[in-house]
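Below is one structure, written out as C-alpha cells; comments come after it.
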Amino acid sequence: MINFVLIVWDIYSNKTYFGWHLSMKLFLIISLVLISIASSEIIEEDNVLILTENNFNEALEKHNQILVEFYAPWCGHCKKFAPEYSQAAAKLKETGSEIRLGKVDASVYEDLAVSWDIKGFPTLIFFTNKSSMGYNGPREADGIIEWLNKKSKSPTTPIETMEELEKFSGTDNIAIVGFFKPENPATVYIGVARKIDFLQFGLCKNEELFDSDLAGKEGVIIYKGFDEKKVVFDQELNVEKLEIFLQIHQFELVSEFSEEVSARFGDTYIDKHLLLFAPKDDNNTKELIETLREIALEFRGQILVITVDTINFLLNTILDYFDVSLDEVPCLRSVVLSGEEVSRYKPDNTNLSIEGIRKFVQDFLAGKLKSHRKSEETPEDWDDEAVLLLTASNFNNIVLKRKSKKALVLFYSPSSRQSNELQPIWDKLGDHYGNDEDVIIAKIDASKNEVEGIKISSYPTIKYFPLASDEILDYTGERDLDSFIKYIETDSKDESEPKLVSETFEGSPAHEDL
C-alpha cells in the first residue's frame with residue numbers, strides 16, 4: 001500500500017490544492033496519472049513476469065539477467081511451451097537464482113515486438129549484463145534452466161599457467177584464446193564468447209604467456225587441430241569483426257556433412273555453400289577433396305565447402321533434397337540459404353577439374369546461374385481424373401495462367417501419413433466439382449516437384465488461387481469435405497483467421513504437419 005498526501009497545482013487556474021478537495025477536471029488528470037503508474041507495475045503470472053511497453057525497460061534495469069518470451073495467445077507452439085516456461089521460472093525462484101523469466105504479448109505490444117525484430121512466435125531473448133542474445137536452447141524446463149545457468153556464468157576459461165595454455169590450445173578441434181593485460185576487462189571478447197555456445201574460449205591475463213605471434217601485444221588467436229594450426233586475429237577488435245573472423249575459421253576448409261556441422265550453418269553469415277556428393281572412402285573422392293581444399297582457400301569467407309557421403313543411407317533425404325541420384329555421383333551442387341526461399345544450383349556439365357569447379361563457383365557467386373528445381377515429367381493422363389495431376393512443368397499453364405478459374409491445390413508427399421489420409425477426401429472434392437468449368441481441384445507431389453515462387457515447408461499444404469487474381473492464399477481451415485466446399489463457394493471469405501506458422505526451419509526439406 002502507498003500512502004501519500006496529494007498536493008496539486010492546477011496549471012489552468014494557478015491554484016494549489018491540498019488533500020482531496022479537487023475539481024472534477026483535476027480528478028480526471030490525477031486518475032490518468034495513477035493509471036499510467038499502475039500499468040508500469042511488474043506483476044507475475046505463474047512465476048513469469050508480465051512485461052509491457054511501460055515496464056519493459058524497468059524490468060531490464062531491475063533484473064540483471066532475464067529471459068523474455070515474445071508470444072501470441074493464438075500461437076499453438078506458444079501454448080505448448082507455456083507450462084515448461086512457467087515450470088522453469090518456478091524452479092529458478094525456488095533455488096534463489098537471480099535469473100528471472102518474463103513474457104510479452106506481442107499481439108498487444110506490437111511496437112515493442114517490432115523494436116526487437118520479432119518475426120515469429122515464440123521468440124525468446126536473454127538479457128544479461130546489459131547485452132542481449134537470442135535463445136536457441138531446449139524447450140523443456142530443465143533444459144531452459146541448464147542453458148540459462150551456462151549463459152549466466154563466465155563464458156571463458158581462465159588460463160594462468162603455461163601448462164593450462166598448452167592443454168587448452170592443444171585441441172583436436174578448435175579453441176580460441178584471448179590474451180589481454182590484467183587491467184583490460186576484455187569486454188568485447190567476453191561478450192562474443194557469451195554468444196557462441198559451440199566454441200571454447202580461454203582468457204589469459206598473464207603477459208608472460210602471451211603467444212610469440214602477438215609480439216607482446218594483446219590479441220586473439222584461434223588454435224585448430226585441422227588446416228592451419230594457428231590463426232591470429234589481426235584486425236581492430238570489435239564485436240562484428242571478431243564474430244566474422246570466428247565464423248570463417250570455425251569450419252574446416254572442407255567439412256564433412258553431419259548434424260553437428262549443419263546445426264552451425266545458421267551461426268555464420270556465409271550463406272553460400274558448395275557441396276560434393278561422393279562415397280567417402282573412394283580414392284577418387286580423396287583426390288577431389290584435395291582439389292576442393294584449394295577452391296575453399298581461394299574463396300574463403302565467400303563459400304563453405306561440404307562433402308556428403310553418398311554411402312551413408314541416413315543422408316538419403318539430403319540427396320533427395322538436392323535432386324542427386326546415385327548414378328551421377330561424384331557430383332556438385334551449390335545452395336544459397338539466405339532469404340525466405342532456398343535456391344539450389346546444378347552445374348551444366350560434369351567437369352570436376354579444378355578449372356571446372358572454379359568456373360562453377362565463380363558463376364555461382366556472380367549470380368550467373370539459374371536455380372535448379374525438381375520436376376517430374378508430366379504424365380499423359382494428367383487430366384483423366386477429376387483431380388488434375390500437376391507437375392512443376394505444367395503448373396503455370398494449368399493454375400497460374402488460367403485466370404478464368406479458381407483452383408484449390410494439394411501439395412503432398414507420398415511418404416506423408418497425413419497426405420495419404422487426406423487423399424480420399426480430396427478425390428471426393430474432385431468428384432464434387434468434376435463438371436464445374438470454373439473450379440480446378442488438383443494435386444502435386446511436392447517432394448518431387450518445386451514450383452517457382454511457392455514455398456512448401458510441410459506436407460500436406462493446401463493453397464487457394466482465387467478467380468482473376470495473382471494472389472495465392474494458404475488454406476488453414478478444417479480438412480473435411482464440407483469445409484473445402486464452403487471455402488471455395490465463398491471464395492475463401494468464410495475461413496477463420498489464418499494461423500501463423502511460428503517455427504520454420506529455413507533450408508530444411510519440407511516436413512509432415514503435426
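Just remember, in the C-alpha cells the first chain shown is A, the second B, etc., residues are 1-based per chain, and ligands are 1-based in the order shown.
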
* Asked: Quick one: DSSP alpha helix (DSSP H) residues in range 78-317 of chain A, as a PyMOL selection string?
  -> chain A and resi 78-94+110-115+141-152+162-169+187-195+239-249+259-263+283-298+316-317

Hey, which bits of range 154-219 of chain A sit within 9 Å of range 238-253 of chain A, and for each residue what's the closest pair of atoms and how far apart in Å (one decimal), counting only C-alpha atoms, rows by chain and increasing number, as a tab-separated table?
residue	atom	partner	partner_atom	distance
A:Ile174	CA	A:Gln250	CA	7.1
A:Ile176	CA	A:Leu246	CA	8.8
A:Val188	CA	A:Val239	CA	5.9
A:Tyr189	CA	A:Val239	CA	7.5
A:Gly191	CA	A:Val239	CA	7.8
A:Val192	CA	A:Val239	CA	6.4
A:Leu199	CA	A:Gln250	CA	8.0

* To do: Rank A:Ala88, A:Leu101, A:Cys78, A:Leu369 by their smallest atom-to-atom distance to Thr123 in chain A, using only C-alpha atoms, and report the top residue only.
  =>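 Selected residue with least distance to Thr123 in chain A: A:Cys78.
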
* A:Phe360, A:Phe322, A:Phe277, A:Tyr85 ranked by distance to Ile145 in chain A, top pick (using only C-alpha atoms) -> A:Tyr85

* To do: Assign secondary structure with DSSP using the backbone only, and return the residues of range 189-414 of chain A in strand (DSSP E or B) as an NGL selection string.
  => :A and (200-204 or 219-224 or 230-233 or 254-256 or 272-278 or 300 or 303-309 or 331-336 or 343-345 or 388-390 or 406-412)

Using N, CA and C atoms, can you export the residues from the last selection as a compact mmCIF listing (two decimals), in the first residue's frame?
# COMPACT_ATOMS: atom_id res chain seq x y z
N GLN A 200 35.09 -23.10 -27.71
CA GLN A 200 35.72 -22.95 -26.40
C GLN A 200 36.57 -21.68 -26.39
N PHE A 201 36.34 -20.84 -25.39
CA PHE A 201 37.06 -19.58 -25.27
C PHE A 201 37.90 -19.59 -23.99
N GLY A 202 39.17 -19.26 -24.13
CA GLY A 202 40.05 -19.11 -22.98
C GLY A 202 40.45 -17.66 -22.81
N LEU A 203 40.78 -17.26 -21.59
CA LEU A 203 41.18 -15.88 -21.31
C LEU A 203 42.48 -15.90 -20.50
N CYS A 204 43.53 -15.35 -21.11
CA CYS A 204 44.84 -15.31 -20.47
C CYS A 204 45.22 -13.87 -20.17
N GLY A 219 45.76 -9.61 -28.00
CA GLY A 219 45.16 -10.13 -29.22
C GLY A 219 44.40 -11.42 -29.00
N VAL A 220 43.87 -11.95 -30.10
CA VAL A 220 43.06 -13.18 -30.07
C VAL A 220 43.66 -14.16 -31.08
N ILE A 221 43.80 -15.41 -30.66
CA ILE A 221 44.35 -16.45 -31.53
C ILE A 221 43.43 -17.66 -31.54
N ILE A 222 43.23 -18.23 -32.73
CA ILE A 222 42.49 -19.47 -32.87
C ILE A 222 43.50 -20.61 -33.02
N TYR A 223 43.37 -21.61 -32.16
CA TYR A 223 44.19 -22.82 -32.25
C TYR A 223 43.30 -23.94 -32.80
N LYS A 224 43.80 -24.63 -33.84
CA LYS A 224 42.98 -25.64 -34.50
C LYS A 224 43.74 -26.97 -34.62
N LYS A 230 47.23 -22.56 -36.36
CA LYS A 230 47.09 -21.34 -35.56
C LYS A 230 46.78 -20.17 -36.48
N VAL A 231 45.77 -19.37 -36.10
CA VAL A 231 45.39 -18.20 -36.88
C VAL A 231 45.25 -17.01 -35.94
N VAL A 232 45.95 -15.92 -36.26
CA VAL A 232 45.94 -14.73 -35.43
C VAL A 232 44.91 -13.74 -35.95
N PHE A 233 44.07 -13.24 -35.06
CA PHE A 233 43.12 -12.18 -35.41
C PHE A 233 43.91 -10.87 -35.46
N VAL A 254 37.31 -27.94 -45.89
CA VAL A 254 36.31 -28.85 -46.45
C VAL A 254 35.73 -29.65 -45.30
N SER A 255 34.47 -29.43 -44.99
CA SER A 255 33.81 -30.08 -43.85
C SER A 255 32.97 -31.25 -44.34
N GLU A 256 32.96 -32.33 -43.56
CA GLU A 256 32.08 -33.45 -43.86
C GLU A 256 30.71 -33.17 -43.25
N LYS A 272 26.35 -19.15 -48.68
CA LYS A 272 26.55 -19.84 -49.96
C LYS A 272 27.43 -21.06 -49.73
N HIS A 273 26.92 -22.22 -50.12
CA HIS A 273 27.63 -23.48 -49.84
C HIS A 273 27.85 -24.25 -51.14
N LEU A 274 29.02 -24.88 -51.23
CA LEU A 274 29.34 -25.78 -52.33
C LEU A 274 29.40 -27.20 -51.76
N LEU A 275 28.66 -28.13 -52.36
CA LEU A 275 28.58 -29.49 -51.83
C LEU A 275 29.09 -30.49 -52.85
N LEU A 276 29.91 -31.42 -52.37
CA LEU A 276 30.36 -32.55 -53.17
C LEU A 276 29.65 -33.80 -52.68
N PHE A 277 28.92 -34.46 -53.57
CA PHE A 277 28.26 -35.72 -53.24
C PHE A 277 29.11 -36.85 -53.80
N ALA A 278 29.66 -37.67 -52.88
CA ALA A 278 30.57 -38.74 -53.31
C ALA A 278 30.73 -39.75 -52.19
N ARG A 300 37.62 -18.47 -49.53
CA ARG A 300 37.32 -18.48 -48.10
C ARG A 300 36.63 -17.16 -47.70
N ILE A 303 32.26 -18.77 -49.45
CA ILE A 303 31.51 -20.03 -49.51
C ILE A 303 32.00 -20.98 -48.44
N LEU A 304 31.13 -21.92 -48.08
CA LEU A 304 31.52 -23.07 -47.27
C LEU A 304 31.53 -24.29 -48.19
N VAL A 305 32.54 -25.13 -48.05
CA VAL A 305 32.66 -26.33 -48.88
C VAL A 305 32.39 -27.55 -48.02
N ILE A 306 31.48 -28.40 -48.47
CA ILE A 306 30.98 -29.51 -47.66
C ILE A 306 30.94 -30.77 -48.52
N THR A 307 31.30 -31.91 -47.91
CA THR A 307 31.17 -33.18 -48.60
C THR A 307 30.02 -33.97 -47.99
N VAL A 308 29.29 -34.71 -48.82
CA VAL A 308 28.18 -35.55 -48.37
C VAL A 308 28.48 -36.98 -48.77
N ASP A 309 28.58 -37.86 -47.79
CA ASP A 309 28.90 -39.27 -48.05
C ASP A 309 27.67 -39.98 -48.60
N CYS A 331 29.33 -35.71 -57.80
CA CYS A 331 28.78 -34.54 -58.47
C CYS A 331 28.73 -33.36 -57.50
N LEU A 332 28.52 -32.18 -58.06
CA LEU A 332 28.48 -30.96 -57.26
C LEU A 332 27.09 -30.35 -57.26
N ARG A 333 26.78 -29.66 -56.18
CA ARG A 333 25.62 -28.80 -56.09
C ARG A 333 26.05 -27.55 -55.30
N SER A 334 25.32 -26.47 -55.46
CA SER A 334 25.54 -25.29 -54.62
C SER A 334 24.20 -24.80 -54.14
N VAL A 335 24.22 -24.05 -53.04
CA VAL A 335 22.96 -23.61 -52.44
C VAL A 335 23.16 -22.27 -51.76
N VAL A 336 22.11 -21.46 -51.80
CA VAL A 336 22.07 -20.20 -51.05
C VAL A 336 20.98 -20.34 -50.00
N SER A 343 17.70 -21.41 -52.60
CA SER A 343 17.99 -21.58 -54.02
C SER A 343 19.11 -22.58 -54.19
N ARG A 344 18.89 -23.57 -55.06
CA ARG A 344 19.90 -24.59 -55.32
C ARG A 344 20.33 -24.53 -56.77
N TYR A 345 21.59 -24.94 -57.01
CA TYR A 345 22.15 -24.83 -58.35
C TYR A 345 22.89 -26.11 -58.72
N LEU A 388 -6.86 -33.10 -61.03
CA LEU A 388 -5.79 -32.98 -62.01
C LEU A 388 -4.44 -33.28 -61.36
N LEU A 389 -3.57 -33.98 -62.10
CA LEU A 389 -2.22 -34.30 -61.64
C LEU A 389 -1.25 -33.25 -62.19
N LEU A 390 -0.69 -32.47 -61.29
CA LEU A 390 0.20 -31.39 -61.72
C LEU A 390 1.66 -31.76 -61.48
N LYS A 406 -10.88 -20.60 -60.58
CA LYS A 406 -10.25 -20.63 -59.26
C LYS A 406 -9.81 -22.06 -58.99
N ALA A 407 -8.72 -22.19 -58.23
CA ALA A 407 -8.14 -23.52 -58.03
C ALA A 407 -7.77 -23.74 -56.57
N LEU A 408 -8.01 -24.96 -56.12
CA LEU A 408 -7.56 -25.40 -54.80
C LEU A 408 -6.61 -26.57 -55.05
N VAL A 409 -5.34 -26.40 -54.60
CA VAL A 409 -4.29 -27.37 -54.95
C VAL A 409 -3.71 -27.98 -53.68
N LEU A 410 -3.59 -29.30 -53.70
CA LEU A 410 -3.00 -30.05 -52.60
C LEU A 410 -1.53 -30.33 -52.92
N PHE A 411 -0.64 -29.82 -52.09
CA PHE A 411 0.79 -30.12 -52.20
C PHE A 411 1.09 -31.23 -51.20
N TYR A 412 1.43 -32.41 -51.69
CA TYR A 412 1.54 -33.57 -50.82
C TYR A 412 2.86 -34.30 -51.03
